[in-house]
Each structure stands twice: as structure tokens, then as C-alpha cells.
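File shown here: data.txt, holding compact mmCIF, C-alpha atoms and all ligand atoms.
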```txt
# COMPACT_ATOMS: atom_id res chain seq x y z
CA MET A 1 110.99 98.29 73.40
CA SER A 2 114.72 97.81 72.87
CA ILE A 3 117.36 98.73 75.42
CA ARG A 4 120.56 100.30 74.12
CA GLY A 5 123.70 101.63 75.73
CA SER A 6 122.17 105.10 75.69
CA THR A 7 118.81 104.15 77.23
CA ARG A 8 117.88 106.35 80.19
CA VAL A 9 117.04 104.38 83.34
CA LEU A 10 114.11 105.42 85.56
CA GLY A 11 112.23 103.43 88.16
CA VAL A 12 110.24 103.12 91.37
CA PHE A 13 111.36 102.22 94.89
CA GLY A 14 108.77 100.41 97.01
CA ASP A 15 108.20 97.56 99.45
CA PRO A 16 106.26 95.74 98.07
CA VAL A 17 106.56 96.95 94.50
CA ALA A 18 105.29 94.07 92.37
CA HIS A 19 101.70 95.40 92.38
CA SER A 20 102.71 98.86 91.12
CA LEU A 21 101.03 100.18 87.96
CA SER A 22 103.89 102.66 87.46
CA PRO A 23 106.21 100.48 85.30
CA ALA A 24 103.41 99.79 82.80
CA MET A 25 102.34 103.44 82.87
CA HIS A 26 105.84 104.85 82.33
CA THR A 27 106.54 102.35 79.57
CA ARG A 28 103.48 103.81 77.81
CA PHE A 29 104.78 107.35 78.41
CA ALA A 30 108.11 106.42 76.77
CA GLU A 31 106.27 104.94 73.78
CA GLU A 32 103.96 107.96 73.56
CA SER A 33 106.78 110.51 73.69
CA GLY A 34 109.30 108.51 71.63
CA GLU A 35 111.80 108.75 74.49
CA ASP A 36 114.65 106.21 74.85
CA SER A 37 113.95 105.28 78.49
CA VAL A 38 113.22 102.22 80.57
CA TYR A 39 111.36 102.20 83.91
CA VAL A 40 112.29 99.49 86.41
CA PRO A 41 110.55 98.34 89.64
CA PHE A 42 113.12 98.22 92.47
CA HIS A 43 112.10 96.26 95.55
CA VAL A 44 113.89 98.32 98.22
CA LEU A 45 113.59 97.27 101.87
CA PRO A 46 113.43 100.08 104.47
CA GLU A 47 116.89 99.24 105.81
CA ASN A 48 118.35 99.63 102.29
CA LEU A 49 116.58 102.85 101.30
CA GLU A 50 119.43 105.24 102.14
CA THR A 51 122.03 103.16 100.28
CA ALA A 52 119.72 102.78 97.29
CA LEU A 53 119.00 106.52 97.11
CA HIS A 54 122.65 107.49 97.40
CA ALA A 55 123.58 105.01 94.66
CA LEU A 56 121.36 106.77 92.10
CA PRO A 57 123.92 109.36 90.88
CA SER A 58 126.75 106.86 90.50
CA LEU A 59 124.47 104.49 88.56
CA GLY A 60 123.45 107.30 86.22
CA ILE A 61 119.78 106.84 87.06
CA ARG A 62 117.89 110.03 86.15
CA GLY A 63 115.12 109.64 88.69
CA VAL A 64 112.80 107.35 90.59
CA ASN A 65 109.30 107.41 91.98
CA ILE A 66 108.91 106.58 95.65
CA THR A 67 105.99 104.56 96.91
CA VAL A 68 104.80 102.98 100.17
CA PRO A 69 106.40 102.85 102.74
CA HIS A 70 109.27 105.13 101.73
CA LYS A 71 107.70 108.54 101.02
CA GLU A 72 108.39 110.14 104.42
CA SER A 73 111.82 108.52 104.91
CA THR A 74 112.92 109.71 101.48
CA PHE A 75 111.86 113.22 102.45
CA ARG A 76 114.42 113.05 105.27
CA LEU A 77 117.16 111.53 103.10
CA VAL A 78 117.25 113.77 100.01
CA SER A 79 119.39 116.90 99.88
CA GLU A 80 116.76 119.32 98.48
CA HIS A 81 112.98 119.64 98.36
CA THR A 82 110.44 121.34 96.14
CA ASP A 83 107.72 123.45 97.80
CA ALA A 84 105.18 120.68 97.15
CA ALA A 85 107.34 118.04 98.86
CA ARG A 86 107.92 120.39 101.79
CA ALA A 87 104.19 121.05 102.16
CA MET A 88 103.45 117.34 102.21
CA GLY A 89 106.47 116.19 104.21
CA ALA A 90 106.66 113.33 101.71
CA VAL A 91 108.43 112.63 98.42
CA ASN A 92 106.98 110.64 95.53
CA THR A 93 109.55 111.68 92.92
CA VAL A 94 113.33 111.97 93.17
CA ILE A 95 115.14 113.90 90.45
CA VAL A 96 118.86 113.24 90.15
CA ASP A 97 120.88 116.28 89.07
CA GLY A 98 124.59 115.50 89.16
CA GLU A 99 125.19 114.54 92.79
CA ARG A 100 122.03 116.32 93.99
CA LEU A 101 118.90 114.40 94.93
CA ILE A 102 115.85 116.64 94.64
CA GLY A 103 112.68 115.44 96.37
CA ASP A 104 109.40 116.43 94.74
CA ASN A 105 105.77 115.46 95.20
CA THR A 106 103.61 115.45 92.09
CA ASP A 107 100.35 114.14 93.62
CA GLY A 108 98.85 117.59 94.18
CA ALA A 109 99.78 118.85 90.70
CA GLY A 110 98.34 115.64 89.21
CA PHE A 111 95.11 116.19 91.12
CA ALA A 112 94.87 119.85 90.02
CA ALA A 113 95.51 118.91 86.38
CA ASP A 114 92.76 116.30 86.55
CA LEU A 115 90.31 118.76 88.10
CA GLU A 116 90.96 121.08 85.18
CA ALA A 117 90.30 118.24 82.75
CA HIS A 118 86.97 117.26 84.32
CA PHE A 119 85.39 120.13 86.20
CA ASP A 120 86.15 123.32 84.34
CA HIS A 121 82.44 124.16 84.09
CA THR A 122 81.86 123.84 87.86
CA GLY A 123 83.99 126.85 88.77
CA TRP A 124 85.66 124.69 91.44
CA GLY A 125 88.48 127.22 91.84
CA LYS A 126 86.03 129.74 93.29
CA GLY A 127 85.31 127.31 96.15
CA PRO A 128 84.18 126.32 98.71
CA VAL A 129 85.60 122.81 98.37
CA VAL A 130 84.79 120.04 100.86
CA VAL A 131 87.52 117.42 101.33
CA LEU A 132 86.68 114.13 103.08
CA GLY A 133 89.74 112.74 104.90
CA ALA A 134 92.97 114.15 106.31
CA GLY A 135 95.63 111.55 105.46
CA GLY A 136 98.52 111.71 102.98
CA ALA A 137 96.28 112.04 99.92
CA ALA A 138 94.27 114.82 101.58
CA ARG A 139 97.48 116.78 102.17
CA ALA A 140 98.22 116.68 98.43
CA VAL A 141 94.65 117.73 97.62
CA VAL A 142 94.48 120.59 100.13
CA HIS A 143 97.91 121.86 99.07
CA ALA A 144 96.82 121.82 95.41
CA LEU A 145 93.60 123.65 96.26
CA THR A 146 95.43 126.37 98.16
CA VAL A 147 98.03 126.74 95.36
CA ALA A 148 95.07 127.12 92.95
CA GLY A 149 93.74 129.93 95.15
CA VAL A 150 90.54 128.23 96.31
CA PRO A 151 89.11 130.72 98.82
CA GLU A 152 87.55 128.22 101.24
CA VAL A 153 88.42 124.60 102.07
CA VAL A 154 86.50 122.44 104.56
CA VAL A 155 88.28 119.27 105.67
CA ALA A 156 85.97 116.64 107.19
CA ASN A 157 87.72 113.82 108.98
CA ARG A 158 86.74 110.92 111.24
CA THR A 159 89.48 112.02 113.67
CA LEU A 160 88.80 115.74 114.07
CA GLU A 161 92.26 116.51 115.52
CA THR A 162 94.02 115.17 112.40
CA GLY A 163 91.86 117.41 110.23
CA GLN A 164 92.62 120.40 112.47
CA ALA A 165 96.36 119.71 112.28
CA LEU A 166 96.23 119.50 108.48
CA ILE A 167 94.35 122.79 108.19
CA GLY A 168 96.74 124.43 110.67
CA GLN A 169 99.69 123.48 108.48
CA LEU A 170 98.36 123.82 104.95
CA ALA A 171 95.40 126.20 104.93
CA PRO A 172 95.39 128.22 108.15
CA GLU A 173 93.81 131.27 106.47
CA THR A 174 91.24 129.66 104.21
CA GLY A 175 90.45 126.31 105.82
CA ARG A 176 88.47 124.81 108.65
CA ALA A 177 88.12 121.28 109.96
CA VAL A 178 84.88 119.53 110.86
CA ALA A 179 84.07 116.02 112.03
CA LEU A 180 82.97 113.23 109.67
CA PRO A 181 80.04 112.67 110.02
CA SER A 182 78.60 115.85 111.50
CA GLU A 183 75.89 118.44 111.05
CA GLU A 184 78.61 120.99 110.24
CA LEU A 185 79.73 118.87 107.31
CA GLN A 186 76.19 118.51 106.02
CA ASN A 187 75.69 122.28 106.45
CA ALA A 188 78.81 123.00 104.35
CA LEU A 189 77.42 121.17 101.30
CA PRO A 190 74.83 123.65 99.93
CA ARG A 191 77.56 126.19 99.04
CA ALA A 192 80.20 123.68 97.89
CA ARG A 193 81.43 123.70 94.29
CA LEU A 194 83.33 120.47 94.71
CA LEU A 195 83.37 117.47 97.08
CA VAL A 196 86.53 115.33 97.13
CA ASN A 197 86.85 111.94 98.79
CA THR A 198 90.44 111.26 99.84
CA THR A 199 89.60 108.48 102.33
CA SER A 200 89.70 104.76 101.62
CA VAL A 201 85.93 104.58 102.22
CA GLY A 202 84.40 103.07 99.07
CA LEU A 203 87.30 100.78 98.16
CA LYS A 204 85.15 97.84 99.21
CA GLY A 205 81.77 99.37 98.47
CA GLU A 206 81.40 101.17 101.81
CA THR A 207 79.33 104.34 102.13
CA PHE A 208 79.57 107.39 104.41
CA PRO A 209 76.91 107.10 107.10
CA GLY A 210 75.23 110.45 107.71
CA LEU A 211 76.39 112.06 104.44
CA SER A 212 73.70 112.99 101.95
CA LEU A 213 74.63 114.52 98.60
CA ASP A 214 71.10 115.95 98.17
CA ALA A 215 72.36 119.15 99.75
CA LEU A 216 75.01 119.81 97.04
CA PRO A 217 74.15 122.41 94.40
CA ARG A 218 73.33 120.98 90.96
CA GLU A 219 76.44 122.44 89.36
CA ALA A 220 78.86 120.94 91.94
CA GLY A 221 81.34 118.20 91.02
CA VAL A 222 82.24 115.08 93.04
CA TYR A 223 85.76 113.64 92.78
CA ASP A 224 86.82 110.33 94.35
CA LEU A 225 90.54 109.55 94.52
CA ILE A 226 89.66 105.85 94.46
CA TYR A 227 89.84 104.48 90.88
CA ASN A 228 89.36 100.78 91.53
CA PRO A 229 86.38 100.31 91.69
CA ALA A 230 85.81 102.93 89.00
CA ARG A 231 82.53 103.99 90.58
CA THR A 232 82.39 103.99 94.38
CA PRO A 233 78.95 104.26 96.04
CA LEU A 234 79.70 107.98 96.54
CA LEU A 235 80.22 108.51 92.79
CA GLN A 236 77.18 106.37 91.98
CA GLU A 237 75.01 108.51 94.24
CA ALA A 238 76.44 111.71 92.73
CA GLU A 239 75.82 110.42 89.21
CA GLN A 240 72.24 109.51 90.08
CA GLN A 241 71.76 113.11 91.13
CA GLY A 242 73.11 114.35 87.81
CA LEU A 243 76.31 115.82 89.30
CA ALA A 244 79.61 115.83 87.37
CA VAL A 245 81.88 113.05 88.66
CA ALA A 246 85.44 111.79 88.19
CA ASN A 247 87.54 109.06 89.79
CA GLY A 248 91.25 109.18 90.67
CA LEU A 249 92.66 107.35 87.66
CA GLY A 250 93.39 110.65 85.90
CA MET A 251 95.20 111.92 89.01
CA LEU A 252 97.32 108.77 89.11
CA VAL A 253 98.31 109.07 85.46
CA ARG A 254 98.84 112.83 85.55
CA GLN A 255 101.09 112.73 88.64
CA GLY A 256 103.14 110.07 86.81
CA ALA A 257 103.29 112.17 83.66
CA ILE A 258 104.51 115.18 85.68
CA SER A 259 107.31 113.04 87.19
CA TYR A 260 108.19 111.80 83.71
CA ALA A 261 108.40 115.36 82.42
CA ARG A 262 110.65 116.37 85.34
CA TRP A 263 113.11 113.60 84.39
CA THR A 264 113.03 113.73 80.60
CA GLY A 265 111.78 117.21 79.70
CA LYS A 266 109.05 115.54 77.61
CA GLU A 267 105.37 115.83 78.48
CA PRO A 268 103.64 112.65 77.41
CA ARG A 269 100.01 112.65 76.30
CA VAL A 270 97.99 111.23 79.18
CA GLU A 271 94.62 110.43 77.57
CA PRO A 272 95.76 107.25 75.75
CA VAL A 273 97.41 106.00 78.94
CA ILE A 274 94.27 106.67 81.03
CA GLU A 275 92.19 104.77 78.45
CA TRP A 276 94.67 101.90 78.39
CA LEU A 277 94.68 101.63 82.20
CA GLU A 278 90.88 101.71 82.28
CA GLY A 279 91.00 98.66 80.02
CA GLN A 280 93.59 96.96 82.23
CA LEU A 281 91.49 97.57 85.34
CA GLY A 282 88.36 96.33 83.57
CA ASN A 283 86.62 99.68 84.07
N1 LIG A 301 94.24 108.51 92.65
C1 LIG A 301 95.42 108.69 93.16
O1 LIG A 301 96.38 109.03 92.46
C2 LIG A 301 95.62 108.48 94.64
C3 LIG A 301 96.78 109.00 95.27
C4 LIG A 301 96.92 108.81 96.64
C5 LIG A 301 95.95 108.11 97.36
N2 LIG A 301 94.87 107.61 96.71
C6 LIG A 301 93.83 106.89 97.47
O2 LIG A 301 93.39 107.72 98.54
C7 LIG A 301 93.00 106.93 99.66
C8 LIG A 301 93.65 107.43 100.94
O3 LIG A 301 95.05 107.32 100.86
P1 LIG A 301 96.01 107.99 101.97
O4 LIG A 301 97.38 107.71 101.54
O5 LIG A 301 95.60 109.38 102.25
O6 LIG A 301 95.67 107.10 103.26
P2 LIG A 301 95.90 107.49 104.79
O7 LIG A 301 97.01 108.46 104.92
O8 LIG A 301 95.93 106.21 105.53
O9 LIG A 301 94.53 108.29 105.20
C9 LIG A 301 93.32 107.64 105.23
C10 LIG A 301 92.19 108.64 105.51
O10 LIG A 301 90.95 107.93 105.41
C11 LIG A 301 90.22 108.06 106.64
N3 LIG A 301 89.48 106.82 106.88
C12 LIG A 301 89.95 105.55 106.80
N4 LIG A 301 88.95 104.68 107.08
C13 LIG A 301 87.85 105.42 107.35
C14 LIG A 301 86.49 105.10 107.72
N5 LIG A 301 86.11 103.83 107.84
N6 LIG A 301 85.63 106.12 107.90
C15 LIG A 301 86.02 107.41 107.74
N7 LIG A 301 87.27 107.77 107.42
C16 LIG A 301 88.18 106.79 107.22
C17 LIG A 301 91.28 108.34 107.69
O11 LIG A 301 90.67 109.00 108.80
P3 LIG A 301 91.37 109.01 110.27
O12 LIG A 301 92.34 110.15 110.27
O13 LIG A 301 90.23 109.20 111.19
O14 LIG A 301 92.04 107.68 110.44
C18 LIG A 301 92.24 109.25 106.90
O15 LIG A 301 91.72 110.56 106.84
C19 LIG A 301 93.34 105.49 99.31
O16 LIG A 301 92.19 104.84 98.84
C20 LIG A 301 94.35 105.64 98.17
O17 LIG A 301 94.35 104.53 97.30
C21 LIG A 301 94.68 107.79 95.38
```
Would you write the structure of this file as C-alpha cells?
Ligand SMILES: NC(=O)c1ccc[n+]([C@@H]2O[C@H](COP(=O)([O-])OP(=O)(O)OC[C@H]3O[C@@H](n4cnc5c(N)ncnc54)[C@H](OP(=O)(O)O)[C@@H]3O)[C@@H](O)[C@H]2O)c1
Amino acid sequence: MSIRGSTRVLGVFGDPVAHSLSPAMHTRFAEESGEDSVYVPFHVLPENLETALHALPSLGIRGVNITVPHKESTFRLVSEHTDAARAMGAVNTVIVDGERLIGDNTDGAGFAADLEAHFDHTGWGKGPVVVLGAGGAARAVVHALTVAGVPEVVVANRTLETGQALIGQLAPETGRAVALPSEELQNALPRARLLVNTTSVGLKGETFPGLSLDALPREAGVYDLIYNPARTPLLQEAEQQGLAVANGLGMLVRQGAISYARWTGKEPRVEPVIEWLEGQLGN
């Protein structure tokens, strides 16, 4: 990679930011699409976020990703929002257009694109879909499912009230919330076309007590947003039962590729980047 006077500058704001996979990923996108751009990690402390955001137009920076802990604060600081950002109350992508800062959130679109890549044969769009968890990632997932027209969404969360609040905001017509674990959750499985884990359960090999995948139909898919480890106990159990499975690495890469396309107008190929990251993660 060579940097010239004309090189477009992109980046990510986070605190911490050193662990982020985004710089490596976006460098691959630039190589893949032949775009003259560079993607820089910016370690931005919370007290400097507003100044850093407002400096973007004058520095000629075309856009940045926003990561922990700045997604909600950035939502409050940008001048405009996309529908996705508004639905999530959080911004993961800022697009700079002249003096305007447009806040977007590409997580849901990345998830939907990855579902299409993996689960076309399951008819997931016809629902019902069971979503485990009701945090930030679940918001992106439920929003994407409702945008895709899924007729029935069941959110199962450890804290029932959080699940109810999410459904009330994002899927009041088509959704319902149940407790995790519960008999109601188990009873929802026989009709489900897709089960999605959006919780952090499985990151360290944990399982869901009281959840048995036996009840899922044979043609259902199981998606886990966790990608490291590549196969959580949930995905291992689903695989043993012969169900279609996918982890969240594709979602990560696709949400990044959508951001990249918003900034550059170029849609990079994602498959080589997913394969490369699998290698990096030792999957
Ligand atoms: N692949 C991707 O691109 C991608 C994108 C975003 C996030 N993720 C992953 O998704 C996961 C969640 O992220 P997030 O931002 O949504 O986190 P979050 O906002 O903190 O939400 C965490 C969720 O997990 C539930 N939970 C946590 N520990 C639990 C336990 N022991 N038993 C049952 N439920 C538990 C919480 O339930 P309560 O409400 O009861 O606390 C909540 O619903 C993380 O592993 C993250 O890495 C992946």
C-alpha cells in the first residue's frame, strides 16, 4: 500500500481501539476494490469524541466507523441519521458529506446479507425466528428481520423486561418477548425457521441451561453472532443435529463492506476477506 496526496482517509473511533479487526479488514477491502484509501485506528477518549467528530469535515476524512463505547454518544452528536441508526439508537458508521455528518448503522444490513448467503434454503424470511438476547446486537438483528418482512419474531432474554422493551420499540406488531430459559421459549422452537444467538453466552464455552435444540425442525438454521470461537457449544449442538449453521464472522465483514461502500461507492468482494480473517483467527 502506498499513500499519496490523493489517498482517501477513513478510520475507526474507539476506546480502546488497538484490538479492532477493522483496520486490517478495510485495508483488504481497498486492495480488493483497487481503491486509493487508507483506514486508520483513532484512539478517541469519550471526552474528546465531540471534537473528533466535528473535525472530520475540515480534515477531509470521508467517514469513520464507531466502536465501543461511542456508538450511542455519536448518535446524539451527528446532524442526521439513517432509519437503521434511528431504530438502533446507535451509530457504527459516520458518513461525511460536506459539513454534514450522517450517522448510519450497518450491523443489521450486514446480518441480513449474511443470512442470505448461508440460509437461503431454510426459508428464514417466512419466520418464525427466535432471537436469544435483547442487547445492542439483538436490536440490529430484530430490526433487520422486521425490514426483511419476517412475520413472527420471538425474543428470549434473561431479563424479560429488556426483551419486552425491545419488542415494543422494534417489532410491536410481529414480535413477542419470552424469558430465557422458559417453557415458552422451548415451545416456540418446533415452528422456528431460524434461531439466532445475540448474547455473549458461548464466548467462553458456556451453554444455555434449559435450551434443547431437539425441538427445532430439521430444515431450521442456527446463527451465532459470536465468531471467536468459530463454533460455540450452541453451533456444535446444532451441527450434531444436522442443522445448517453459521457464525458471525460473515456479519462482521459484511457490515464493514457496507460501510466501505457508503464511503467510496465501491462494493468490495467479501468472501476473500472472510477467508483471510478465518485464517487470522485460527478458525
Ligand atoms: N458478529 C458481529 O458482527 C457482532 C456484532 C455485534 C455483536 N456481536 C456479539 O454479540 C454479543 C452481544 O453483544 P451486544 O453488544 O448485544 O452486548 P450487550 O448489549 O451487552 O447484550 C448482551 C446480551 O446478552 C445477554 N446475556 C449476557 N450474559 C448472559 C448470560 N450469562 N445468560 C443469558 N443471557 C446473557 C444479556 O441479557 P440481559 O439483558 O439479561 O443482561 C443481553 O441480552 C457479543 O458476543 C458480541 O461480540 C457480534
Taking all atoms listed in the file into account, report as a PDB file with C-alpha atoms, keeping the file's coordinate frame which residues have an atom no farther than 6 Å from an atom of ligand LIG 301 (chain A).
```pdb
ATOM      1  CA  GLY A 133      89.740 112.740 104.900  1.00  0.00           C
ATOM      2  CA  ALA A 134      92.970 114.150 106.310  1.00  0.00           C
ATOM      3  CA  GLY A 135      95.630 111.550 105.460  1.00  0.00           C
ATOM      4  CA  GLY A 136      98.520 111.710 102.980  1.00  0.00           C
ATOM      5  CA  ALA A 137      96.280 112.040  99.920  1.00  0.00           C
ATOM      6  CA  ALA A 138      94.270 114.820 101.580  1.00  0.00           C
ATOM      7  CA  ASN A 157      87.720 113.820 108.980  1.00  0.00           C
ATOM      8  CA  ARG A 158      86.740 110.920 111.240  1.00  0.00           C
ATOM      9  CA  THR A 159      89.480 112.020 113.670  1.00  0.00           C
ATOM     10  CA  THR A 162      94.020 115.170 112.400  1.00  0.00           C
ATOM     11  CA  THR A 198      90.440 111.260  99.840  1.00  0.00           C
ATOM     12  CA  THR A 199      89.600 108.480 102.330  1.00  0.00           C
ATOM     13  CA  SER A 200      89.700 104.760 101.620  1.00  0.00           C
ATOM     14  CA  VAL A 201      85.930 104.580 102.220  1.00  0.00           C
ATOM     15  CA  LEU A 225      90.540 109.550  94.520  1.00  0.00           C
ATOM     16  CA  ILE A 226      89.660 105.850  94.460  1.00  0.00           C
ATOM     17  CA  GLY A 248      91.250 109.180  90.670  1.00  0.00           C
ATOM     18  CA  LEU A 249      92.660 107.350  87.660  1.00  0.00           C
ATOM     19  CA  MET A 251      95.200 111.920  89.010  1.00  0.00           C
ATOM     20  CA  LEU A 252      97.320 108.770  89.110  1.00  0.00           C
TER      21      LEU A 252
END
```
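Counting all atoms listed in the file and comparing A:Gly110, A:Ala55, A:Ala140, A:Leu203, the residue that lies closest to Asp83 of chain A is A:Ala140.
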Of the residues A:Val178, A:His26, A:Arg262, A:Lys126, which is the one nearest to Gly63 of chain A, using all atoms listed in the file?
A:Arg262
Exercise on segment 160-175 of chain A, axis-aligned box with 5 Å per side, report centre and edge lengths in Å to one decimal, as lines of an AutoDock Vina configuration file:
```
center_x = 94.2
center_y = 123.2
center_z = 109.9
size_x = 20.9
size_y = 26.1
size_z = 21.3
```
Report as a list in words all protein, DNA and RNA residues lying within 12 Å of Glu116 of chain A, evaluated on only C-alpha atoms, omitting residues in the same chain fewer than 5 positions from it.
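Skipping anything fewer than 5 positions along the chain leaves Ala109, Gly110, Phe111, His121, Thr122, Gly123, Trp124, Gly125, Ala144, Leu145, Ala148, Gly221, Tyr223, Ala246, Gly250, Met251 and Arg254 of chain A.
Residues in contact with segment 187-192 of chain A at 8 Å, where all atoms listed in the file are counted and same-chain residues fewer than 6 positions away are skipped, are listed as Gly127, Pro128, Val129, Val130, Val154, Leu213, Ala215, Leu216, Pro217 and Ala220 of chain A.
Ranking A:Tyr260, A:Ala18, A:Gln255, A:Leu194 by their shortest atom-to-atom distance to Val38 of chain A, with all atoms listed in the file included, puts A:Tyr260 first.
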What separates atom CA of Leu166 of chain A and atom CA of Val147 of chain A is a distance of 15.1 Å
Counting only C-alpha atoms, note down every residue that has an atom within 10 Å of the point (111.5, 107.8, 73.0) (file coordinates), as an MDAnalysis selection string.
chainID A and resid 1 7:8 27 29:38 264 266
Residues at most 12 Å from His70 of chain A, counting all atoms listed in the file, excluding those fewer than 5 positions away in the same chain, as a list in words?
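Once the nearby chain positions are removed, what remains is Val12, Phe13, Gly14, Asp15, Pro16, Val17, His43, Val44, Leu45, Pro46, Glu47, Asn48, Leu49, Glu50, Ala52, Leu53, Val64, Asn65, Phe75, Arg76, Leu77, Val78, Gly89, Ala90, Val91, Asn92, Thr93 and Val94 of chain A.
Among A:Arg4, A:Arg139, A:His54, A:Arg62, the residue with the shortest atom-to-atom distance to Ala87 of chain A, counting all atoms listed in the file, is A:Arg139.
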Just segment 141-164 of chain A, please, as a CSV table (one decimal), in the first residue's frame (only N, CA and C atoms).
```
chain,number,residue,atom,x,y,z
A,141,VAL,N,-30.4,-7.2,14.9
A,141,VAL,CA,-30.9,-8.4,14.3
A,141,VAL,C,-32.4,-8.3,14.1
A,142,VAL,N,-33.1,-7.8,15.2
A,142,VAL,CA,-34.6,-7.7,15.1
A,142,VAL,C,-35.0,-6.7,14.1
A,143,HIS,N,-34.3,-5.6,14.0
A,143,HIS,CA,-34.6,-4.5,13.0
A,143,HIS,C,-34.4,-5.1,11.6
A,144,ALA,N,-33.3,-5.9,11.4
A,144,ALA,CA,-33.1,-6.5,10.1
A,144,ALA,C,-34.2,-7.5,9.7
A,145,LEU,N,-34.6,-8.2,10.7
A,145,LEU,CA,-35.7,-9.2,10.5
A,145,LEU,C,-37.0,-8.5,10.1
A,146,THR,N,-37.3,-7.4,10.8
A,146,THR,CA,-38.6,-6.8,10.5
A,146,THR,C,-38.5,-6.1,9.1
A,147,VAL,N,-37.3,-5.5,8.8
A,147,VAL,CA,-37.1,-4.9,7.5
A,147,VAL,C,-37.3,-6.0,6.4
A,148,ALA,N,-36.8,-7.2,6.7
A,148,ALA,CA,-37.0,-8.3,5.7
A,148,ALA,C,-38.4,-8.8,5.7
A,149,GLY,N,-39.2,-8.4,6.5
A,149,GLY,CA,-40.6,-8.8,6.5
A,149,GLY,C,-40.9,-10.1,7.2
A,150,VAL,N,-40.0,-10.5,8.1
A,150,VAL,CA,-40.3,-11.8,8.8
A,150,VAL,C,-41.6,-11.6,9.6
A,151,PRO,N,-42.5,-12.6,9.5
A,151,PRO,CA,-43.9,-12.3,10.0
A,151,PRO,C,-43.9,-12.5,11.6
A,152,GLU,N,-43.0,-13.2,12.1
A,152,GLU,CA,-43.0,-13.5,13.6
A,152,GLU,C,-41.6,-13.6,14.2
A,153,VAL,N,-41.4,-12.8,15.2
A,153,VAL,CA,-40.1,-12.8,15.9
A,153,VAL,C,-40.3,-13.0,17.4
A,154,VAL,N,-39.6,-14.0,18.0
A,154,VAL,CA,-39.7,-14.2,19.4
A,154,VAL,C,-38.3,-13.9,20.0
A,155,VAL,N,-38.3,-12.9,20.9
A,155,VAL,CA,-37.1,-12.5,21.6
A,155,VAL,C,-37.1,-13.2,23.0
A,156,ALA,N,-36.0,-14.0,23.2
A,156,ALA,CA,-35.9,-14.6,24.5
A,156,ALA,C,-34.7,-14.0,25.3
A,157,ASN,N,-35.0,-13.4,26.4
A,157,ASN,CA,-33.9,-12.7,27.1
A,157,ASN,C,-33.9,-13.1,28.6
A,158,ARG,N,-32.7,-13.1,29.2
A,158,ARG,CA,-32.6,-13.4,30.6
A,158,ARG,C,-33.4,-12.4,31.4
A,159,THR,N,-33.3,-11.1,31.1
A,159,THR,CA,-34.1,-10.1,31.7
A,159,THR,C,-35.3,-9.8,30.9
A,160,LEU,N,-36.5,-10.4,31.3
A,160,LEU,CA,-37.7,-10.3,30.4
A,160,LEU,C,-38.0,-8.9,30.0
A,161,GLU,N,-37.9,-7.9,31.0
A,161,GLU,CA,-38.3,-6.6,30.7
A,161,GLU,C,-37.6,-6.0,29.5
A,162,THR,N,-36.3,-6.3,29.5
A,162,THR,CA,-35.4,-5.7,28.4
A,162,THR,C,-35.9,-6.3,27.0
A,163,GLY,N,-36.3,-7.5,27.0
A,163,GLY,CA,-36.8,-8.1,25.8
A,163,GLY,C,-38.2,-7.5,25.4
A,164,GLN,N,-39.0,-7.2,26.4
A,164,GLN,CA,-40.3,-6.6,26.2
A,164,GLN,C,-40.1,-5.2,25.6
```
